[in-house]
Amino acid sequence: MAKQNKTLDELKQARDHTLVDIERLKSELQAEIEPASATDDDSADIAADIYERGKIISLIQSLEAKLHSLDRAIVLASKGTYGICEMCGEPIAPERLKIMPETTVCVRCASKLEEGIRRRQILVSGQDGDADDLFDDENDDTAEDSNQADDEF
């Protein structure tokens with residue numbers, strides 16, 4: 001029970017640090033926006049400002065996703081199931097939890113999730129026809145293999 005409370009405290013502390021980081025970045029973003037509206041910079045400065053703002057927004061989004069994951073991990077720690085993969089039910093490696101305390105899936109399941117996301121991105125981005133080319137050769141081979149299999153029976 002003491003270990004569970006320690007883990008819960010560590011997760012809450014990580015959550016608090018993440019909230020502080022989000023607020024700091026929001027302040028930086030606000031500081032970037034205010035002077036830009038008051039001055040007439042050249043296009044190179046404007047482009048650099050836009051890039052910097054985009055970078056800060058991306059960091060904020062990443063930290064907000066981490067915050068959401070930490071909230072989920074805190075719920076699991078409260079239930080006593082923190083450190084057990086939500087997908088396969090196997091223990092998550094302590095090294096992984098040390099590096100990413102917000103994780104709720106093991107490396108193997110995280111890899112499967114990432115693979116699924118990449119496939120979906122390829123399929124979605126391929127709606128203009130580009131992704132179809134990626135799979136044409138694969139589909140042709142599959143079709144030939146199934147025809148050969150039909151001939152064998």
# chains A, B, ... in the order shown; residues from 1 in each chain; ligands from 1
>>> closest_atom_pairs(of="stretch 69-112 of chain A", to="stretch 117-124 of chain A", cutoff="12 Å", atoms="only C-alpha atoms", output="CSV")
residue,atom,partner,partner_atom,distance
A:Ala110,CA,A:Ile117,CA,10.5
A:Ser111,CA,A:Ile117,CA,9.8
A:Lys112,CA,A:Ile117,CA,8.7
>>> write_last_selection(atoms="N, CA and C atoms", output="short mmCIF file (atom, residue, chain, number, x, y, z; two decimals), in the first residue's frame")
data_model
loop_
_atom_site.label_atom_id
_atom_site.label_comp_id
_atom_site.auth_asym_id
_atom_site.auth_seq_id
_atom_site.Cartn_x
_atom_site.Cartn_y
_atom_site.Cartn_z
N ALA A 110 2.13 -0.52 -27.28
CA ALA A 110 2.35 0.84 -27.78
C ALA A 110 2.81 0.79 -29.23
N SER A 111 3.66 -0.17 -29.54
CA SER A 111 4.14 -0.33 -30.91
C SER A 111 2.98 -0.68 -31.85
N LYS A 112 2.10 -1.56 -31.39
CA LYS A 112 0.93 -1.92 -32.20
C LYS A 112 0.04 -0.71 -32.43
#
>>> residues_around(residues="A:Gly89", least_positions_apart="3", cutoff="12 Å", atoms="only C-alpha atoms", output="PyMOL selection string")
chain A and resi 81-86+92+104-106+108-109
>>> write_last_selection(atoms="N, CA and C atoms", output="tab-separated table (two decimals), in the first residue's frame")
chain	number	residue	atom	x	y	z
A	81	THR	N	-4.18	-0.59	-10.19
A	81	THR	CA	-3.83	-1.31	-11.43
A	81	THR	C	-2.78	-0.57	-12.25
A	82	TYR	N	-2.14	0.44	-11.67
A	82	TYR	CA	-1.09	1.16	-12.38
A	82	TYR	C	0.09	0.22	-12.61
A	83	GLY	N	0.65	0.27	-13.81
A	83	GLY	CA	1.79	-0.58	-14.14
A	83	GLY	C	1.38	-1.86	-14.84
A	84	ILE	N	0.09	-2.01	-15.08
A	84	ILE	CA	-0.43	-3.16	-15.82
A	84	ILE	C	-0.99	-2.64	-17.14
A	85	CYS	N	-0.55	-3.22	-18.23
A	85	CYS	CA	-0.95	-2.77	-19.56
A	85	CYS	C	-2.47	-2.85	-19.71
A	86	GLU	N	-3.06	-1.77	-20.16
A	86	GLU	CA	-4.51	-1.72	-20.36
A	86	GLU	C	-4.96	-2.57	-21.54
A	92	ILE	N	3.84	-3.66	-17.12
A	92	ILE	CA	4.65	-2.72	-17.90
A	92	ILE	C	6.03	-2.69	-17.26
A	104	THR	N	0.22	3.84	-19.98
A	104	THR	CA	-0.68	2.80	-19.45
A	104	THR	C	-0.65	1.55	-20.33
A	105	VAL	N	0.30	1.51	-21.27
A	105	VAL	CA	0.45	0.34	-22.13
A	105	VAL	C	1.92	-0.06	-22.19
A	106	CYS	N	2.16	-1.35	-22.41
A	106	CYS	CA	3.52	-1.86	-22.52
A	106	CYS	C	4.12	-1.49	-23.87
A	108	ARG	N	5.18	-3.37	-26.32
A	108	ARG	CA	4.63	-4.13	-27.44
A	108	ARG	C	3.28	-3.57	-27.89
A	109	CYS	N	2.42	-3.27	-26.94
A	109	CYS	CA	1.11	-2.73	-27.30
A	109	CYS	C	1.21	-1.30	-27.82
>>> residues_around(residues="A:Val75", least_positions_apart="4", cutoff="12 Å", atoms="only C-alpha atoms", output="ChimeraX atom specification")
/A:4,7-8,11-12,68-71,79-83,102,104
>>> atom_distance(atom1="atom CA of A:Lys66", atom2="atom CA of A:Glu10")
14.5 Å
>>> select_by_dssp(residues="stretch 96-131 of chain A", states="helix (DSSP H, G or I)", output="VMD selection string")
chain A and resid 96 to 99 107 to 128 130 to 131
>>> residues_around(residues="A:Asp21", least_positions_apart="4", cutoff="8 Å", atoms="only C-alpha atoms", output="PyMOL selection string")
chain A and resi 17+25+63
>>> closest_residue(among="A:Leu113, A:Ile99, A:Leu29, A:Ile50", to="A:Met87", atoms="only C-alpha atoms")
A:Leu113
>>> atom_distance(atom1="atom CA of A:Gly116", atom2="atom CA of A:Glu90")
20.2 Å
>>> residues_around(residues="A:Arg53", least_positions_apart="2", cutoff="10 Å", atoms="only C-alpha atoms", output="JSON, numbers by chain")
{"A": [28, 29, 30, 32, 33, 47, 48, 49, 50, 51, 55, 56, 57, 58, 59]}
>>> atom_distance(atom1="atom CA of A:Ala77", atom2="atom CA of A:Asp9")
9.6 Å
>>> decode(residues="stretch 40-145 of chain A", atoms="C-alpha atoms", output="tab-separated table (two decimals), in the first residue's frame")
chain	number	residue	atom	x	y	z
A	40	ASP	CA	5.38	46.37	-38.37
A	41	ASP	CA	8.12	43.78	-38.94
A	42	ASP	CA	9.38	42.62	-42.29
A	43	SER	CA	8.16	39.35	-43.77
A	44	ALA	CA	11.20	37.35	-42.56
A	45	ASP	CA	10.53	38.41	-38.96
A	46	ILE	CA	6.85	37.63	-39.35
A	47	ALA	CA	7.66	34.17	-40.72
A	48	ALA	CA	10.02	33.50	-37.81
A	49	ASP	CA	7.35	34.63	-35.35
A	50	ILE	CA	4.75	32.39	-36.94
A	51	TYR	CA	7.15	29.44	-36.81
A	52	GLU	CA	7.93	30.12	-33.14
A	53	ARG	CA	4.24	30.37	-32.27
A	54	GLY	CA	3.53	27.11	-34.07
A	55	LYS	CA	6.31	25.41	-32.16
A	56	ILE	CA	4.98	26.66	-28.82
A	57	ILE	CA	1.43	25.60	-29.70
A	58	SER	CA	2.71	22.14	-30.62
A	59	LEU	CA	4.54	21.86	-27.30
A	60	ILE	CA	1.40	22.90	-25.43
A	61	GLN	CA	-0.63	20.27	-27.27
A	62	SER	CA	1.94	17.59	-26.43
A	63	LEU	CA	1.90	18.57	-22.77
A	64	GLU	CA	-1.91	18.59	-22.73
A	65	ALA	CA	-1.88	15.04	-24.13
A	66	LYS	CA	0.64	14.08	-21.43
A	67	LEU	CA	-1.62	15.68	-18.82
A	68	HIS	CA	-4.56	13.59	-20.06
A	69	SER	CA	-2.39	10.45	-19.87
A	70	LEU	CA	-1.24	11.37	-16.37
A	71	ASP	CA	-4.85	11.77	-15.29
A	72	ARG	CA	-5.59	8.28	-16.61
A	73	ALA	CA	-2.51	6.87	-14.85
A	74	ILE	CA	-3.62	8.53	-11.59
A	75	VAL	CA	-7.02	6.85	-11.88
A	76	LEU	CA	-5.34	3.49	-12.45
A	77	ALA	CA	-2.97	4.05	-9.53
A	78	SER	CA	-5.95	4.85	-7.31
A	79	LYS	CA	-7.52	1.53	-8.34
A	80	GLY	CA	-4.26	-0.33	-7.77
A	81	THR	CA	-3.83	-1.31	-11.43
A	82	TYR	CA	-1.09	1.16	-12.38
A	83	GLY	CA	1.79	-0.58	-14.14
A	84	ILE	CA	-0.43	-3.16	-15.82
A	85	CYS	CA	-0.95	-2.77	-19.56
A	86	GLU	CA	-4.51	-1.72	-20.36
A	87	MET	CA	-4.44	-3.64	-23.63
A	88	CYS	CA	-2.87	-7.01	-22.85
A	89	GLY	CA	-2.92	-7.12	-19.05
A	90	GLU	CA	0.81	-7.83	-18.77
A	91	PRO	CA	3.04	-5.83	-16.41
A	92	ILE	CA	4.65	-2.72	-17.90
A	93	ALA	CA	8.44	-2.73	-17.57
A	94	PRO	CA	9.55	-0.62	-14.58
A	95	GLU	CA	12.13	1.10	-16.80
A	96	ARG	CA	9.35	2.27	-19.12
A	97	LEU	CA	7.28	3.55	-16.20
A	98	LYS	CA	10.30	5.42	-14.86
A	99	ILE	CA	10.87	7.17	-18.20
A	100	MET	CA	7.18	7.63	-19.05
A	101	PRO	CA	5.17	7.53	-15.82
A	102	GLU	CA	2.04	8.52	-17.76
A	103	THR	CA	2.04	5.38	-19.90
A	104	THR	CA	-0.68	2.80	-19.45
A	105	VAL	CA	0.45	0.34	-22.13
A	106	CYS	CA	3.52	-1.86	-22.52
A	107	VAL	CA	6.09	-1.37	-25.27
A	108	ARG	CA	4.63	-4.13	-27.44
A	109	CYS	CA	1.11	-2.73	-27.30
A	110	ALA	CA	2.35	0.84	-27.78
A	111	SER	CA	4.14	-0.33	-30.91
A	112	LYS	CA	0.93	-1.92	-32.20
A	113	LEU	CA	-0.97	1.30	-31.53
A	114	GLU	CA	1.66	3.37	-33.35
A	115	GLU	CA	1.61	0.99	-36.30
A	116	GLY	CA	-2.17	1.34	-36.52
A	117	ILE	CA	-1.92	5.12	-36.40
A	118	ARG	CA	0.71	5.15	-39.17
A	119	ARG	CA	-1.41	2.89	-41.37
A	120	ARG	CA	-4.43	5.09	-40.85
A	121	GLN	CA	-2.43	8.23	-41.67
A	122	ILE	CA	-1.19	6.63	-44.88
A	123	LEU	CA	-4.70	5.62	-45.86
A	124	VAL	CA	-6.18	9.01	-45.01
A	125	SER	CA	-3.44	10.95	-46.78
A	126	GLY	CA	-3.78	8.59	-49.73
A	127	GLN	CA	-7.33	9.56	-50.54
A	128	ASP	CA	-5.92	11.63	-53.37
A	129	GLY	CA	-4.55	8.46	-54.94
A	130	ASP	CA	-0.97	8.45	-53.64
A	131	ALA	CA	-1.50	5.71	-51.02
A	132	ASP	CA	-3.18	3.49	-53.58
A	133	ASP	CA	0.15	3.27	-55.37
A	134	LEU	CA	1.77	2.08	-52.15
A	135	PHE	CA	-0.54	-0.90	-52.00
A	136	ASP	CA	-0.92	-1.75	-55.70
A	137	ASP	CA	2.06	-4.10	-55.84
A	138	GLU	CA	1.06	-5.71	-52.57
A	139	ASN	CA	-2.51	-6.26	-53.78
A	140	ASP	CA	-1.31	-7.64	-57.11
A	141	ASP	CA	0.88	-10.20	-55.34
A	142	THR	CA	-1.97	-11.14	-53.03
A	143	ALA	CA	-4.33	-11.57	-55.96
A	144	GLU	CA	-1.80	-13.75	-57.79
A	145	ASP	CA	-1.20	-15.84	-54.66
